[in-house]
>>> print(open('my_file22.txt').read())   # compact mmCIF, C-alpha atoms
# COMPACT_ATOMS: atom_id res chain seq x y z
CA TYR A 1 -50.52 -68.84 74.24
CA GLY A 2 -52.83 -65.94 73.37
CA SER A 3 -54.48 -64.27 70.40
CA GLN A 4 -52.68 -64.47 67.09
CA GLU A 5 -54.61 -61.38 65.97
CA LEU A 6 -53.13 -59.25 68.77
CA SER A 7 -49.75 -57.83 67.78
CA ASP A 8 -46.73 -58.24 70.07
CA ASP A 9 -46.53 -54.44 70.20
CA ASP A 10 -49.94 -54.30 71.86
CA ALA A 11 -49.71 -57.43 74.05
CA PHE A 12 -48.14 -58.19 77.41
CA VAL A 13 -45.52 -60.71 76.25
CA LEU A 14 -43.74 -63.45 78.18
CA LEU A 15 -40.90 -65.42 76.58
CA MET A 16 -40.14 -68.88 78.00
CA PHE A 17 -36.79 -70.60 77.59
CA GLY A 18 -35.71 -74.04 78.77
CA ASP A 19 -32.46 -75.04 80.43
CA GLY A 20 -31.17 -78.59 80.78
CA PHE A 21 -33.24 -79.88 77.84
CA THR A 22 -31.06 -81.86 75.44
CA LYS A 23 -31.65 -82.22 71.70
CA ASP A 24 -33.86 -85.27 72.35
CA GLU A 25 -35.86 -83.44 75.05
CA GLN A 26 -37.08 -80.46 73.05
CA GLU A 27 -40.60 -81.84 72.67
CA LYS A 28 -40.71 -82.24 76.46
CA PHE A 29 -39.79 -78.56 76.81
CA TYR A 30 -42.64 -77.42 74.58
CA THR A 31 -45.13 -79.72 76.31
CA GLU A 32 -44.07 -78.43 79.74
CA SER A 33 -44.16 -74.82 78.53
CA LYS A 34 -47.77 -75.19 77.45
CA ARG A 35 -48.72 -76.89 80.73
CA ILE A 36 -47.13 -74.09 82.74
CA ALA A 37 -48.68 -71.33 80.61
CA ASP A 38 -52.15 -72.85 80.99
CA TYR A 39 -51.69 -73.15 84.77
CA VAL A 40 -50.53 -69.56 85.17
CA MET A 41 -53.34 -68.16 83.02
CA GLU A 42 -56.03 -69.84 85.12
CA THR A 43 -54.84 -68.03 88.26
CA SER A 44 -56.34 -64.73 89.42
CA PRO A 45 -55.67 -62.03 88.32
CA TRP A 46 -53.86 -63.53 85.28
CA ASP A 47 -57.19 -64.96 84.14
CA GLU A 48 -58.55 -61.41 83.72
CA PHE A 49 -55.99 -60.77 80.97
CA LYS A 50 -56.42 -63.71 78.59
CA ASP A 51 -57.16 -61.21 75.82
CA VAL A 52 -53.95 -59.26 76.54
CA VAL A 53 -51.25 -61.83 77.47
CA LYS A 54 -49.18 -63.68 74.86
CA ILE A 55 -46.67 -66.37 75.86
CA TYR A 56 -43.98 -67.74 73.55
CA ALA A 57 -41.66 -70.72 74.09
CA LYS A 58 -38.21 -70.83 72.47
CA GLY A 59 -36.24 -74.04 72.76
CA VAL A 60 -32.47 -74.11 73.18
CA ILE A 61 -30.32 -77.23 73.30
CA SER A 62 -28.25 -78.15 76.36
CA ASN A 63 -25.40 -80.65 76.17
CA GLU A 64 -26.56 -82.32 79.38
CA SER A 65 -29.93 -82.82 81.02
CA GLY A 66 -31.02 -81.22 84.29
CA ALA A 67 -29.34 -78.40 86.21
CA LYS A 68 -26.20 -78.00 88.26
CA ALA A 69 -26.54 -79.35 91.82
CA ASP A 70 -30.12 -80.58 91.41
CA LYS A 71 -29.14 -83.85 93.11
CA ALA A 72 -26.65 -82.38 95.59
CA LYS A 73 -27.32 -82.97 99.29
CA ASN A 74 -25.00 -80.23 100.51
CA GLN A 75 -22.92 -77.29 99.28
CA GLU A 76 -19.81 -79.42 98.83
CA GLU A 77 -21.60 -81.77 96.44
CA ALA A 78 -23.13 -78.77 94.67
CA ASP A 79 -19.71 -77.20 94.05
CA LYS A 80 -18.44 -80.42 92.44
CA ASP A 81 -21.29 -80.65 89.92
CA THR A 82 -20.05 -79.67 86.44
CA ARG A 83 -23.37 -80.05 84.58
CA ASP A 84 -23.13 -78.52 81.10
CA THR A 85 -26.40 -76.75 80.30
CA TYR A 86 -27.12 -73.87 77.95
CA PHE A 87 -27.87 -71.22 80.58
CA LYS A 88 -25.80 -72.79 83.38
CA THR A 89 -28.64 -72.61 85.92
CA SER A 90 -27.80 -73.91 89.38
CA PHE A 91 -29.42 -74.97 92.64
CA TRP A 92 -27.77 -74.25 96.01
CA SER A 93 -27.26 -70.60 95.15
CA GLY A 94 -26.15 -68.61 98.18
CA GLY A 95 -26.14 -71.82 100.22
CA MET A 96 -29.89 -72.39 99.73
CA GLN A 97 -30.75 -75.72 98.11
CA ARG A 98 -34.03 -74.51 96.56
CA LEU A 99 -32.62 -71.22 95.28
CA LEU A 100 -32.33 -71.86 91.54
CA THR A 101 -30.54 -69.03 89.74
CA ILE A 102 -28.83 -68.03 86.52
CA GLY A 103 -25.38 -66.45 86.28
CA ASN A 104 -24.17 -63.44 84.30
CA ASP A 105 -23.27 -65.54 81.24
CA GLY A 106 -26.72 -67.11 81.16
CA ALA A 107 -28.37 -63.71 81.59
CA ALA A 108 -26.36 -62.39 78.63
CA LYS A 109 -27.59 -65.32 76.51
CA ILE A 110 -31.21 -64.55 77.44
CA LYS A 111 -30.74 -60.93 76.41
CA ALA A 112 -29.15 -61.91 73.09
CA LEU A 113 -31.88 -64.46 72.27
CA LYS A 114 -34.60 -61.99 73.14
CA GLU A 115 -33.13 -59.34 70.86
CA LYS A 116 -32.76 -61.85 68.02
CA PHE A 117 -36.09 -63.65 68.20
CA LEU A 118 -38.62 -61.63 70.22
CA PRO A 119 -37.53 -58.07 71.05
CA LYS A 120 -41.09 -57.19 72.08
CA SER A 121 -40.93 -59.56 75.06
CA ASP A 122 -41.73 -57.78 78.33
CA PHE A 123 -40.31 -60.46 80.66
CA GLU A 124 -38.41 -63.72 80.30
CA VAL A 125 -38.87 -67.03 82.10
CA VAL A 126 -36.52 -70.03 82.30
CA ILE A 127 -38.01 -73.49 82.86
CA VAL A 128 -35.39 -75.87 84.26
CA ASN A 129 -35.52 -79.57 83.40
CA SER A 130 -35.35 -80.95 86.92
CA GLU A 131 -37.90 -82.47 89.28
CA THR A 132 -36.07 -80.94 92.24
CA TYR A 133 -38.09 -78.16 93.87
CA GLY A 134 -36.65 -74.71 93.20
CA GLY A 135 -36.84 -71.34 91.53
CA SER A 136 -36.22 -67.61 91.91
CA GLY A 137 -37.47 -64.21 90.76
CA GLY A 138 -35.91 -60.88 89.86
CA THR A 139 -34.84 -59.71 86.44
CA TYR A 140 -35.70 -63.21 85.20
CA CYS A 141 -38.11 -65.77 86.63
CA LEU A 142 -36.85 -69.35 87.04
CA ALA A 143 -38.69 -72.51 88.10
CA SER A 144 -38.07 -76.24 87.90
CA LEU A 145 -40.54 -78.89 86.73
CA ASN A 146 -41.45 -79.99 90.27
CA ASN A 147 -45.26 -79.81 90.64
CA GLU A 148 -44.89 -77.42 93.58
CA SER A 149 -42.72 -75.21 91.38
CA LEU A 150 -45.81 -74.19 89.42
CA GLU A 151 -46.91 -72.28 92.50
CA MET A 152 -43.38 -71.04 93.03
CA MET A 153 -43.39 -69.64 89.48
CA LEU A 154 -46.56 -67.64 90.20
CA HIS A 155 -44.90 -66.28 93.34
CA GLU A 156 -41.65 -65.47 91.54
CA LEU A 157 -43.52 -63.82 88.66
CA GLY A 158 -45.02 -61.56 91.31
CA HIS A 159 -41.48 -60.40 92.08
CA THR A 160 -40.41 -60.19 88.45
CA ILE A 161 -43.29 -58.42 86.74
CA ALA A 162 -44.91 -56.44 89.60
CA ASN A 163 -41.97 -55.87 91.97
CA LEU A 164 -43.89 -57.40 94.86
CA ALA A 165 -42.20 -58.14 98.17
CA ASP A 166 -42.18 -61.46 99.97
CA GLU A 167 -44.81 -61.46 102.68
CA TYR A 168 -42.65 -63.74 104.79
CA PHE A 169 -39.61 -61.96 106.25
CA ALA A 170 -36.68 -62.58 103.90
CA GLY A 171 -34.20 -60.63 106.02
CA ALA A 172 -33.35 -57.05 106.95
CA SER A 173 -31.35 -56.54 103.75
CA TYR A 174 -34.52 -57.07 101.68
CA ALA A 175 -36.81 -54.91 103.82
CA ARG A 176 -37.93 -51.66 102.19
CA GLU A 177 -41.04 -49.96 100.90
CA TYR A 178 -42.98 -52.01 98.33
CA ALA A 179 -46.59 -51.96 97.20
CA ASN A 180 -47.20 -54.79 99.70
CA MET A 181 -44.60 -53.99 102.39
CA THR A 182 -44.27 -50.90 104.54
CA ALA A 183 -42.96 -49.50 107.81
CA GLU A 184 -46.23 -47.59 108.29
CA LYS A 185 -48.59 -49.21 110.80
CA ASP A 186 -51.41 -46.65 111.08
CA PRO A 187 -54.45 -47.97 109.13
CA GLU A 188 -55.37 -44.40 108.20
CA LYS A 189 -51.98 -43.77 106.60
CA VAL A 190 -50.91 -47.15 105.19
CA LYS A 191 -50.72 -47.20 101.38
CA TRP A 192 -53.37 -49.92 101.05
CA LYS A 193 -55.82 -48.33 103.51
CA ARG A 194 -58.80 -48.48 101.10
CA PHE A 195 -58.45 -52.28 100.91
CA ILE A 196 -58.44 -52.85 104.70
CA GLY A 197 -61.31 -55.19 105.52
CA LYS A 198 -61.64 -56.69 102.04
CA ASN A 199 -60.94 -60.44 101.90
CA GLY A 200 -58.66 -60.39 104.92
CA VAL A 201 -56.59 -57.30 104.12
CA GLY A 202 -55.28 -55.53 107.21
CA VAL A 203 -52.02 -54.29 108.68
CA TYR A 204 -50.04 -57.29 109.91
CA GLU A 205 -46.56 -57.18 111.37
CA TYR A 206 -43.97 -59.50 109.86
CA ASP A 207 -42.76 -62.28 112.15
CA ASN A 208 -39.40 -64.09 112.31
CA GLY A 209 -37.39 -60.92 112.83
CA GLY A 210 -39.49 -58.54 110.78
CA ASP A 211 -40.45 -56.26 113.67
CA GLY A 212 -41.45 -52.82 112.42
CA TRP A 213 -42.40 -54.00 108.92
CA TYR A 214 -45.99 -54.69 107.87
CA ARG A 215 -47.79 -56.69 105.18
CA PRO A 216 -51.40 -56.52 103.97
CA HIS A 217 -52.38 -60.17 104.44
CA GLN A 218 -51.66 -63.28 106.47
CA ASN A 219 -52.13 -65.87 103.70
CA CYS A 220 -51.17 -64.23 100.40
CA LYS A 221 -49.40 -66.20 97.67
CA MET A 222 -46.45 -63.88 98.26
CA ARG A 223 -46.15 -65.57 101.67
CA PHE A 224 -47.41 -69.15 101.20
CA LEU A 225 -47.46 -71.40 98.13
CA GLY A 226 -50.37 -73.59 97.10
CA GLN A 227 -53.62 -73.36 95.17
CA GLN A 228 -55.42 -72.68 98.44
CA TYR A 229 -53.53 -69.39 98.74
CA ALA A 230 -54.63 -66.59 96.42
CA PHE A 231 -52.84 -63.33 95.77
CA CYS A 232 -54.24 -60.81 98.25
CA GLU A 233 -56.25 -57.85 96.95
CA VAL A 234 -53.27 -55.50 97.23
CA CYS A 235 -51.00 -57.78 95.17
CA LYS A 236 -53.74 -58.43 92.59
CA GLU A 237 -54.09 -54.71 91.95
CA GLU A 238 -50.34 -54.29 91.49
CA LEU A 239 -50.27 -57.23 89.07
CA ARG A 240 -53.11 -55.63 87.09
CA ARG A 241 -51.07 -52.45 86.78
CA ALA A 242 -48.09 -54.47 85.56
CA PHE A 243 -50.13 -56.23 82.85
CA CYS A 244 -51.50 -52.90 81.66
CA LYS A 245 -48.06 -51.27 81.62
CA GLY A 246 -46.85 -53.94 79.24
CA SER A 247 -49.84 -53.56 76.92
CA THR A 248 -51.50 -50.90 74.77
CA VAL A 249 -54.95 -52.47 75.13
CA PRO A 250 -57.24 -50.21 77.21
CA LYS A 251 -58.88 -52.02 80.14
CA LEU A 252 -61.77 -51.00 82.36
CA PHE A 253 -61.86 -52.28 85.96
CA PHE A 254 -64.42 -52.18 88.75
CA GLN A 255 -62.82 -51.84 92.17
CA THR A 256 -64.94 -51.14 95.28
CA TYR A 257 -62.02 -51.64 97.66
CA ALA A 258 -63.43 -52.44 101.13
CA ASP A 259 -66.31 -49.97 100.86
CA ILE A 260 -69.71 -51.19 102.04
CA LEU A 261 -72.60 -49.54 100.20
CA TYR A 262 -75.75 -48.88 102.23
CA GLU A 263 -79.24 -47.98 101.18
CA THR A 264 -79.70 -44.19 100.86
CA PRO A 265 -82.51 -42.03 99.46
CA GLU A 266 -80.39 -40.66 96.60
CA GLY A 267 -78.31 -43.74 95.72
CA LYS A 268 -74.58 -43.89 95.03
CA ASP A 269 -73.02 -42.93 91.67
CA MET A 270 -70.58 -45.78 91.02
CA LYS A 271 -68.30 -43.96 88.56
CA GLU A 272 -65.57 -43.46 91.16
CA TYR A 273 -65.14 -47.24 91.41
CA PHE A 274 -64.28 -47.69 87.75
CA ILE A 275 -60.63 -47.46 86.71
CA VAL A 276 -59.50 -47.20 83.10
CA ARG A 277 -55.89 -48.21 82.41
CA LYS A 278 -53.63 -48.24 79.38
CA GLY A 279 -49.86 -48.52 79.58
CA ASP A 280 -48.69 -46.59 82.65
CA LYS A 281 -51.78 -44.33 82.67
CA GLU A 282 -54.80 -44.85 84.90
CA THR A 283 -57.78 -42.66 85.80
CA THR A 284 -60.92 -43.24 87.86
CA GLY A 285 -64.30 -42.78 86.20
CA ASP A 286 -65.33 -39.75 88.29
CA LYS A 287 -62.48 -37.72 86.76
CA PHE A 288 -63.92 -37.78 83.23
CA ASN A 289 -66.45 -35.44 81.64
CA ASP A 290 -70.13 -36.31 81.61
CA GLY A 291 -70.90 -38.90 78.96
CA GLN A 292 -67.33 -40.23 78.76
CA LEU A 293 -68.15 -43.20 81.00
CA GLU A 294 -71.64 -44.58 80.43
CA LEU A 295 -73.18 -46.79 83.11
CA ILE A 296 -76.35 -48.84 82.68
CA TYR A 297 -77.70 -50.26 85.96
CA LYS A 298 -79.81 -53.42 85.99
CA ASP A 299 -81.58 -55.12 88.88
CA ALA A 300 -81.41 -58.80 89.83
CA GLU A 301 -84.08 -59.64 87.22
CA GLY A 302 -82.14 -57.90 84.45
CA ASN A 303 -84.43 -54.88 84.23
CA THR A 304 -82.79 -51.53 83.51
CA VAL A 305 -83.00 -49.16 86.49
CA ASN A 306 -83.98 -45.56 85.89
CA GLY A 307 -81.31 -43.33 87.39
CA ILE A 308 -79.00 -44.60 90.15
CA PRO A 309 -80.15 -47.53 92.33
CA SER A 310 -80.95 -46.55 95.92
CA LYS A 311 -82.72 -49.60 97.38
CA ALA A 312 -81.00 -52.61 98.96
CA GLY A 313 -80.25 -55.40 96.51
CA THR A 314 -77.75 -56.76 94.02
CA TYR A 315 -77.21 -54.84 90.80
CA THR A 316 -75.34 -55.31 87.54
CA ILE A 317 -73.55 -52.43 85.81
CA GLU A 318 -72.81 -52.44 82.10
CA ALA A 319 -70.01 -49.90 81.71
CA THR A 320 -68.69 -48.39 78.48
CA PHE A 321 -65.77 -45.99 78.30
CA LYS A 322 -65.72 -43.97 75.08
CA ASP A 323 -62.50 -43.31 73.18
CA ASP A 324 -61.02 -40.03 74.41
CA GLY A 325 -57.83 -40.12 72.35
CA THR A 326 -55.77 -41.35 75.32
CA TYR A 327 -57.25 -44.65 76.42
CA GLY A 328 -59.50 -45.96 73.67
CA GLU A 329 -62.93 -47.57 73.97
CA CYS A 330 -63.33 -50.38 76.51
CA THR A 331 -66.18 -52.09 78.31
CA THR A 332 -66.80 -54.25 81.34
CA THR A 333 -69.69 -55.71 83.32
CA ALA A 334 -69.66 -55.56 87.11
CA GLU A 335 -71.87 -56.57 90.03
CA TYR A 336 -72.32 -54.92 93.39
CA THR A 337 -74.66 -55.05 96.39
CA ILE A 338 -76.42 -52.31 98.32
CA GLU A 339 -76.94 -53.29 101.95
CA LEU A 340 -79.81 -52.32 104.24
CA PRO A 341 -79.16 -49.19 106.35
CA ASP A 342 -76.43 -49.60 108.96
CA LEU A 343 -78.20 -49.24 112.31
CA ILE A 344 -75.31 -50.20 114.59
CA THR A 345 -71.96 -48.42 114.61
CA LEU A 346 -68.94 -49.77 116.44
CA GLY A 347 -65.85 -47.66 117.01
CA VAL A 348 -62.55 -47.55 118.86
CA GLU A 349 -60.72 -44.59 120.35
CA SER A 350 -57.52 -45.36 118.48
CA LYS A 351 -56.96 -47.03 115.10
CA VAL A 352 -53.23 -47.42 115.62
CA TYR A 353 -52.09 -50.98 114.96
CA ASP A 354 -51.94 -53.01 118.19
CA GLY A 355 -51.03 -56.45 116.84
CA GLU A 356 -54.56 -57.78 116.42
>>> encode(input="my_file22.txt", output="structure tokens")
Amino acid sequence: YGSQELSDDDAFVLLMFGDGFTKDEQEKFYTESKRIADYVMETSPWDEFKDVVKIYAKGVISNESGAKADKAKNQEEADKDTRDTYFKTSFWSGGMQRLLTIGNDGAAKIKALKEKFLPKSDFEVVIVNSETYGGSGGTYCLASLNNESLEMMLHELGHTIANLADEYFAGASYAREYANMTAEKDPEKVKWKRFIGKNGVGVYEYDNGGDGWYRPHQNCKMRFLGQQYAFCEVCKEELRRAFCKGSTVPKLFFQTYADILYETPEGKDMKEYFIVRKGDKETTGDKFNDGQLELIYKDAEGNTVNGIPSKAGTYTIEATFKDDGTYGECTTTAEYTIELPDLITLGVESKVYDGE
């Protein structure tokens, strides 16, 4: 998947392997790999990086089909399964039926294959030839062929490539500071404070034993699986950073956070809402010299606006960042709305989180 013209050095590269695919099932592996790649790349924010992401599939032959313990009903049956697959993937890891993992020997094989065939790979994925629901994330992302596992793979890739936390409580041993998990409850201090109010982002306490730990959303894909659940705004931004870190292609983003823009006499310069990223570097547009980031504002009819828009309405911005020797030239088109003046202000004496 991806542009043949873009070199692996410059791309964000995923390498997919298959486990439990026999010699006669290799075509199935490649068909499933393409199906999974297409599904992932249509999901936000992956779909913003179709010009940056490359996905390769490398078939390996297992002696037996499936995965260890994929039919087991309990741990005892799982322990008796001697399935002989290339990477030795197994369900019932840690006593959890759906926890599909790979052992040290399998991990060593992944590393060796990567170094031999695609050393530029940023992350590796193992697709397991079983219809049983299961998967896991971490150093490597694993998922079975169960239809629901497509959503699990997106979730697990969140762990693997962006180091995102589960937004359900996975236990005290997993609780620590992540981009999307914190012990800070004050909305004025929480790390995602600029997103609060955008598409449901807030400060929500974990349930099921997670007292004292907080997440940014109630229905993020890092909590629930299903096409109806999107990655929350906080997780999307962390995924964008991860894609850029694995690529040398400069990218220009428009991010208004939860800010509401109201009509003012002088208008609002939108440069601060543009972010240019390349590798592990990122800078907002207001930090550059005059002329480095060029913005052309257009009204709803497509007419160019002289100066900065100040009246209520919806506007388009054509943004061009000029090569500065660090990032390289990049462009984007964005849309934003200026609201009528805010005539009513509501406030509270304390903004400390109270559970609502």
>>> atom_distance(input="my_file22.txt", atom1="CA of Phe169 in chain A", atom2="CA of Met96 in chain A")
15.7 Å
>>> residues_near_point(input="my_file22.txt", point="(-43.4, -81.6, 76.3)", cutoff="12 Å", atoms="all atoms listed in the file", output="short mmCIF file (atom, residue, chain, number, x, y, z; two decimals) with C-alpha atoms, keeping the file's coordinate frame")
data_model
loop_
_atom_site.label_atom_id
_atom_site.label_comp_id
_atom_site.auth_asym_id
_atom_site.auth_seq_id
_atom_site.Cartn_x
_atom_site.Cartn_y
_atom_site.Cartn_z
CA GLY A 18 -35.71 -74.04 78.77
CA PHE A 21 -33.24 -79.88 77.84
CA ASP A 24 -33.86 -85.27 72.35
CA GLU A 25 -35.86 -83.44 75.05
CA GLN A 26 -37.08 -80.46 73.05
CA GLU A 27 -40.60 -81.84 72.67
CA LYS A 28 -40.71 -82.24 76.46
CA PHE A 29 -39.79 -78.56 76.81
CA TYR A 30 -42.64 -77.42 74.58
CA THR A 31 -45.13 -79.72 76.31
CA GLU A 32 -44.07 -78.43 79.74
CA SER A 33 -44.16 -74.82 78.53
CA LYS A 34 -47.77 -75.19 77.45
CA ARG A 35 -48.72 -76.89 80.73
CA ILE A 36 -47.13 -74.09 82.74
CA ALA A 57 -41.66 -70.72 74.09
CA GLY A 59 -36.24 -74.04 72.76
CA ILE A 127 -38.01 -73.49 82.86
CA ASN A 129 -35.52 -79.57 83.40
CA LEU A 145 -40.54 -78.89 86.73
#
>>> atom_distance(input="my_file22.txt", atom1="CA of Val234 in chain A", atom2="CA of Tyr214 in chain A")
12.9 Å
>>> residues_around(input="my_file22.txt", residues="Ser121 in chain A", least_positions_apart="2", cutoff="7 Å", atoms="all atoms listed in the file", output="list in words")
Val13, Leu14, Leu15, Leu118, Pro119 and Phe123 of chain A
>>> residues_near_point(input="my_file22.txt", point="(-74.2, -58.4, 84.5)", cutoff="6 Å", atoms="all atoms listed in the file", output="MDAnalysis selection string")
chainID A and resid 316 333:334
>>> closest_residue(input="my_file22.txt", among="A:Leu100, A:Leu261, A:Leu154, A:Val40", to="Lys68 in chain A", atoms="only C-alpha atoms")
A:Leu100
>>> closest_residue(input="my_file22.txt", among="A:Thr85, A:Arg223, A:Asp122, A:Ala165", to="Asp105 in chain A", atoms="only C-alpha atoms")
A:Thr85
>>> residues_around(input="my_file22.txt", residues="Gln255 in chain A", least_positions_apart="4", cutoff="8 Å", atoms="only C-alpha atoms", output="list in words")
Tyr273, Phe274 and Ile275 of chain A
>>> write_last_selection(input="my_file22.txt", atoms="C-alpha atoms", output="PDB file, in the coordinates of the input")
ATOM      1  CA  TYR A 273     -65.140 -47.240  91.410  1.00  0.00           C
ATOM      2  CA  PHE A 274     -64.280 -47.690  87.750  1.00  0.00           C
ATOM      3  CA  ILE A 275     -60.630 -47.460  86.710  1.00  0.00           C
TER       4      ILE A 275
END
>>> residues_around(input="my_file22.txt", residues="range 288-294 of chain A", least_positions_apart="5", cutoff="7 Å", atoms="only C-alpha atoms", output="PyMOL selection string")
chain A and resi 319-322
>>> closest_residue(input="my_file22.txt", among="A:Phe117, A:Phe91, A:Tyr168, A:Tyr174", to="Thr132 in chain A", atoms="only C-alpha atoms")
A:Phe91
>>> residues_around(input="my_file22.txt", residues="Gly95 in chain A", least_positions_apart="4", cutoff="12 Å", atoms="only C-alpha atoms", output="list in words")
Ala69, Ala72, Lys73, Asn74, Gln75, Glu76, Glu77, Ala78, Asp79, Ser90, Phe91, Leu99, Leu100 and Thr101 of chain A
>>> closest_residue(input="my_file22.txt", among="A:Asp166, A:Cys330, A:Lys54, A:Asp38", to="Leu225 in chain A", atoms="only C-alpha atoms")
A:Asp166
>>> closest_residue(input="my_file22.txt", among="A:Lys221, A:Arg277, A:Lys58, A:His159", to="Glu233 in chain A", atoms="all atoms listed in the file")
A:Lys221
>>> atom_distance(input="my_file22.txt", atom1="CA of Gly202 in chain A", atom2="CA of Lys271 in chain A")
25.5 Å
>>> residues_around(input="my_file22.txt", residues="Gly246 in chain A", least_positions_apart="2", cutoff="9 Å", atoms="all atoms listed in the file", output="number ranges by chain")
A: 10-13, 122, 241-244, 248, 278-280
>>> closest_residue(input="my_file22.txt", among="A:Thr284, A:Ser62, A:Thr256, A:Thr304", to="Lys23 in chain A", atoms="all atoms listed in the file")
A:Ser62
>>> axis_aligned_box(input="my_file22.txt", around="range 329-336 of chain A", padding_each_side="5 Å", output="lines of an AutoDock Vina configuration file")
center_x = -67.6
center_y = -52.1
center_z = 83.7
size_x = 19.4
size_y = 19.0
size_z = 29.4
